[in-house]
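Peer 1: Can you read through this structure? Questions will come right after.
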Amino acid sequence: MYGIILAGGSGSRLWPLSRELYPKQLLNIISDKSLLQSTFERLAFCMPEANILSITNTKHASNVKMQIQDLTKNPLVLSEPVAKNTAPAIALATKYIMQQTEEEDPVILVVPSDHLIQDNEKFSSTVQKGEKLAQEGYIVTFGIKPDYPETGYGYINILKPLEIGYKVKEFVEKPDLKTAEKYLEAGTYFWNSGIFMFKASVLMEEIKKYAPEIDKISNNVDFSKTKDIPFIEFDKMPSISIDYAIMEKSDKIALLTLESDWNDLGSWKSIYDVSNKDENNNVFVGHVIDKDSKNSFVYASSKLVTTIGLEDTVIVETEDAILACKKDKTQDVKHIYETLKKQNDDTHLVHKTVYRPWGFYTVIAQGKGFQSKILHVNPGQKLSIQSHNHRSEHWVVLNGTAKVVLEGKELILSPGHSVDIPVKAIHSLQNPYQEDVEVIEVQKGDILLEDDIIRYEDMYGRV
């Protein structure tokens with residue numbers, strides 16, 4: 001069996017903790033591992049680690065690769081040059097597996113990267129049953145038996161029982177409350193988990209039949225010659241989900257009830273629901289001091305948050321933003337996210353602290369023509385050899401010993417020492433030692449964007 005992890009989502013409903021460049025699948029929300037890492041470990045219950053492929057947007061690729069490297073030596077990560085929804089991603093990931101494996105017609109399991117499933121043994125047991133259906137030529141979807149009328153999920157209506165599972169009658173969109181109550185009463189509707197399984201040949205046949213444009217463009221990509229998804233081809237793809245493209249049209253869809261626990265962690269209320277509560281049904285994370293609150297969720301990431309007499313309220317604090325809302329309104333957080341995006345407010349895009357394969361940086365001040373950061377470089381890591389067309393930089397070492405490569409010359413800087421990086425100078429900050437390195441970076445220029453990086457060499461494959 002092979003696995004595809006879909007790791008390109010934005011997680012807009014978990015703003016302000018989730019950002020476009022560091023979405024919820026990369027966050028450690030429930031445990032000491034991210035949702036992506038937990039998903040990888042879950043699939044490793046069902047198949048060899050070497051058979052697990054993650055596909056993500058190019059802007060997340062280095063973080064995805066870095067997180068999976070903590071779990072396995074040679075992570076397999078494909079990067080989408082642009083976001084085109086799930087159907088093109090699954091089609092090309094499936095083609096990649098078909099061209100890279102010696103298996104004649106592999107069975108492939110597709111899972112989102114941002115769901116919470118804690119019973120890996122029951123999950124694996126359901127997958128094994130699904131494999132039998134997939135071998136019979138079905139595209140298998142894994143449904144969740146609803147226990148309340150949820151309006152935030154799509155539903156799947158079953159038609160008739162098979163020897164294993166059910167034949168699917170229809171997929172339906174997220175309903176209003178009245179319709180969701182009818183679905184719950186009918187007893188034939190399941191929540192759509194977004195988890196699928198199929199033989200590679202079956203999926204590609206259905207794509208050829210129902211999404212010929214995706215099929216045609218996929219045939220122009222040859223993964224035996226390249227490990228990259230070419231922008232020119234992928235940009236031609238329609239932006240469409242696998243549900244719209246295939247699942248709602250095919251007559252080969254079967255449903256299995258997912259036997260394990262499941263939560264898509266799609267809102268702060270869902271995070272509250274799966275968290276341990278105190279005697280007043282509150283969930284407090286971080287430095288929180290409370291008096292007389294009930295049924296509330298407070299998340300403090302960087303500051304002391306104090307609360308008095310809250311009821312059914314959600315508060316989430318980050319370095320640069322605070323969310324406060326009623327607990328039953330957390331699905332609407334995505335509207336705040338979209339408003340910030342329309343206003344070109346970077347608060348939707350990135351945190352003040354940004355993680356990179358070499359460590360992280362934190363923005364500490366910015367204004368017209370300048371920006372200052374603290375760079376934290378982990379032992380044995382180094383930034384790419386690079387230059388900037390629009391900014392100069394000044395580095396001051398705070399802690400550790402930094403190796404600086406500047407126009408072909410090497411400098412070893414201890415705490416208190418500094419160096420100027422002129423515009424267009426080729427340079428790199430490196431830490432070949434055993435201690436962490438911290439550097440203050442002051443940027444000056446008319447354009448201060450992360451896009452203003454020209455890479456010449458990079459140990460993380462970003463050239």
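To be explicit about the labels: the chains of the structure tokens are called A, B, and onward in the order shown, and within each one the residues are counted from 1, while ligands get numbers from 1 in the order they are shown.
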Check stretch 241-448 of chain A with DSSP on the backbone and list each residue it calls strand (DSSP E or B), as a ChimeraX atom specification.

Peer 2: /A:253-257,263,283-285,288-291,294,297-300,305-308,311,313-317,322-326,353-356,359-367,370-377,381-382,385-387,391-399,402-406,409-413,418-421,427-431,437-445

Peer 1: Extract, using only C-alpha atoms, all DNA, RNA and protein residues at most 9 Å from stretch 118-124 of chain A, discarding same-chain residues fewer than 5 positions from it, and format them as a ChimeraX atom specification.

Peer 2: /A:38,41-43,45-46,129,258-262

Peer 1: So which one's closest to A:Lys249, A:Val168, A:Lys145, A:Ile4, A:Lys227? Using only C-alpha atoms, please.

Peer 2: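 When distances to A:Lys249 are compared using only C-alpha atoms, the smallest one comes from A:Val168.
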
Peer 1: Quick one: pick out all alpha helix (DSSP H) residues within stretch 246-403 of chain A from a backbone DSSP run and write them as a ChimeraX atom specification.

Peer 2: /A:268-274,333-342

Peer 1: Ranking A:Ile68, A:Ile5, A:Val77, A:Leu26 by minimum distance to A:Ile90 and counting only C-alpha atoms, which one comes first?

Peer 2: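 Nearest to A:Ile90: A:Ile5.
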
Peer 1: Excluding same-chain residues fewer than 6 positions from stretch 177-186 of chain A, what lies within 9 Å of it counting only C-alpha atoms, as a PyMOL selection string?

Peer 2: chain A and resi 146-151+155+157

Peer 1: Keeping C-alpha atoms for every residue in the selection just given, could you write it to a file as a short mmCIF file (atom, residue, chain, number, x, y, z; two decimals), in the first residue's frame?

Peer 2:
```cif
data_model
loop_
_atom_site.label_atom_id
_atom_site.label_comp_id
_atom_site.auth_asym_id
_atom_site.auth_seq_id
_atom_site.Cartn_x
_atom_site.Cartn_y
_atom_site.Cartn_z
CA PRO A 146 -22.68 11.69 12.86
CA ASP A 147 -23.78 12.08 16.47
CA TYR A 148 -25.11 15.64 16.15
CA PRO A 149 -26.35 17.89 13.30
CA GLU A 150 -23.05 19.47 12.19
CA THR A 151 -23.31 22.24 9.56
CA TYR A 155 -22.25 14.59 3.99
CA ASN A 157 -25.65 9.41 1.63
#
```

Peer 1: Would you kindly return, as a list in words, each protein, DNA or RNA residue with an atom no farther than 8 Å from any atom of A:Leu76, considering only C-alpha atoms and excluding same-chain residues fewer than 5 positions away?

Peer 2: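 Residues meeting the cut-off are Ala50, Ile52, Leu53, Ser54 and Lys65 of chain A.
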
Peer 1: May I have the residues within 10 Å of A:Ser418 as a PDB file with N, CA and C atoms, in the first residue's frame, using only C-alpha atoms and disregarding those fewer than 6 positions away in the same chain?

Peer 2:
```pdb
ATOM      1  N   HIS A 394      22.699  44.199   8.238  1.00  0.00           N
ATOM      2  CA  HIS A 394      23.745  44.335   9.256  1.00  0.00           C
ATOM      3  C   HIS A 394      23.485  43.269  10.308  1.00  0.00           C
ATOM      4  N   TRP A 395      24.483  42.410  10.545  1.00  0.00           N
ATOM      5  CA  TRP A 395      24.328  41.318  11.502  1.00  0.00           C
ATOM      6  C   TRP A 395      25.176  41.580  12.738  1.00  0.00           C
ATOM      7  N   VAL A 396      24.584  41.381  13.913  1.00  0.00           N
ATOM      8  CA  VAL A 396      25.305  41.443  15.185  1.00  0.00           C
ATOM      9  C   VAL A 396      25.077  40.120  15.917  1.00  0.00           C
ATOM     10  N   VAL A 397      26.143  39.427  16.276  1.00  0.00           N
ATOM     11  CA  VAL A 397      26.021  38.137  16.957  1.00  0.00           C
ATOM     12  C   VAL A 397      25.689  38.367  18.425  1.00  0.00           C
ATOM     13  N   LEU A 398      24.623  37.722  18.902  1.00  0.00           N
ATOM     14  CA  LEU A 398      24.219  37.816  20.307  1.00  0.00           C
ATOM     15  C   LEU A 398      24.748  36.636  21.117  1.00  0.00           C
ATOM     16  N   VAL A 439      21.467  35.921  16.169  1.00  0.00           N
ATOM     17  CA  VAL A 439      22.012  37.100  15.493  1.00  0.00           C
ATOM     18  C   VAL A 439      20.897  38.128  15.342  1.00  0.00           C
ATOM     19  N   ILE A 440      21.194  39.388  15.636  1.00  0.00           N
ATOM     20  CA  ILE A 440      20.271  40.464  15.286  1.00  0.00           C
ATOM     21  C   ILE A 440      20.553  40.870  13.845  1.00  0.00           C
ATOM     22  N   GLU A 441      19.508  40.904  13.027  1.00  0.00           N
ATOM     23  CA  GLU A 441      19.631  41.327  11.635  1.00  0.00           C
ATOM     24  C   GLU A 441      18.838  42.618  11.447  1.00  0.00           C
TER      25      GLU A 441
END
```

Peer 1: List the spatial neighbours of A:Thr313 as a list in words - criterion: any atom at most 9 Å away, only C-alpha atoms, same-chain residues fewer than 5 positions off excluded.

Peer 2: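 Near neighbours after the sequence-gap exclusion: Ser293, Lys294, Asn295, Ser296, Phe297, Val298, Ala324, Cys325, Lys326, Lys327 and Asp328 of chain A.
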
Peer 1: Restricting the calculation to only C-alpha atoms, which member of A:Lys225, A:Lys382, A:Lys208, A:Lys269 is positioned closest to A:Asp332?

Peer 2: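 Ranked by minimum distance to A:Asp332, first place goes to A:Lys269.
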
Peer 1: Neighbouring residues of stretch 285-291 of chain A were defined as those with any atom within 12 Å, considering only C-alpha atoms; residues of the same chain fewer than 6 positions away were excluded. Please report them as a PyMOL selection string.

Peer 2: chain A and resi 29-30+271-272+275-278+297-311+314-318

Peer 1: With distances taken over only C-alpha atoms, which residue among A:Glu233, A:Asp273, A:Asp243, A:Asp292 lies nearest A:Glu213?

Peer 2: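 Closest to A:Glu213 of all the choices is A:Glu233.
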
Peer 1: Under the rule that only C-alpha atoms are counted, which of A:Ile139, A:Pro212, A:Gly369, A:Ile426 is the nearest residue to A:Ile447?

Peer 2: A:Gly369

Peer 1: Give the answer as one residue: which of A:Arg391, A:Lys424, A:Arg19, A:Lys409 has the shortest atom-to-atom distance to A:Leu448, using only C-alpha atoms?

Peer 2: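 Closest candidate: A:Arg391.
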
Peer 1: Enter the distance from atom CA of A:Ile195 to atom CA of A:Thr226, in Å, rounded to one decimal.

Peer 2: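 Distance reported for this atom pair: 27.9 Å.
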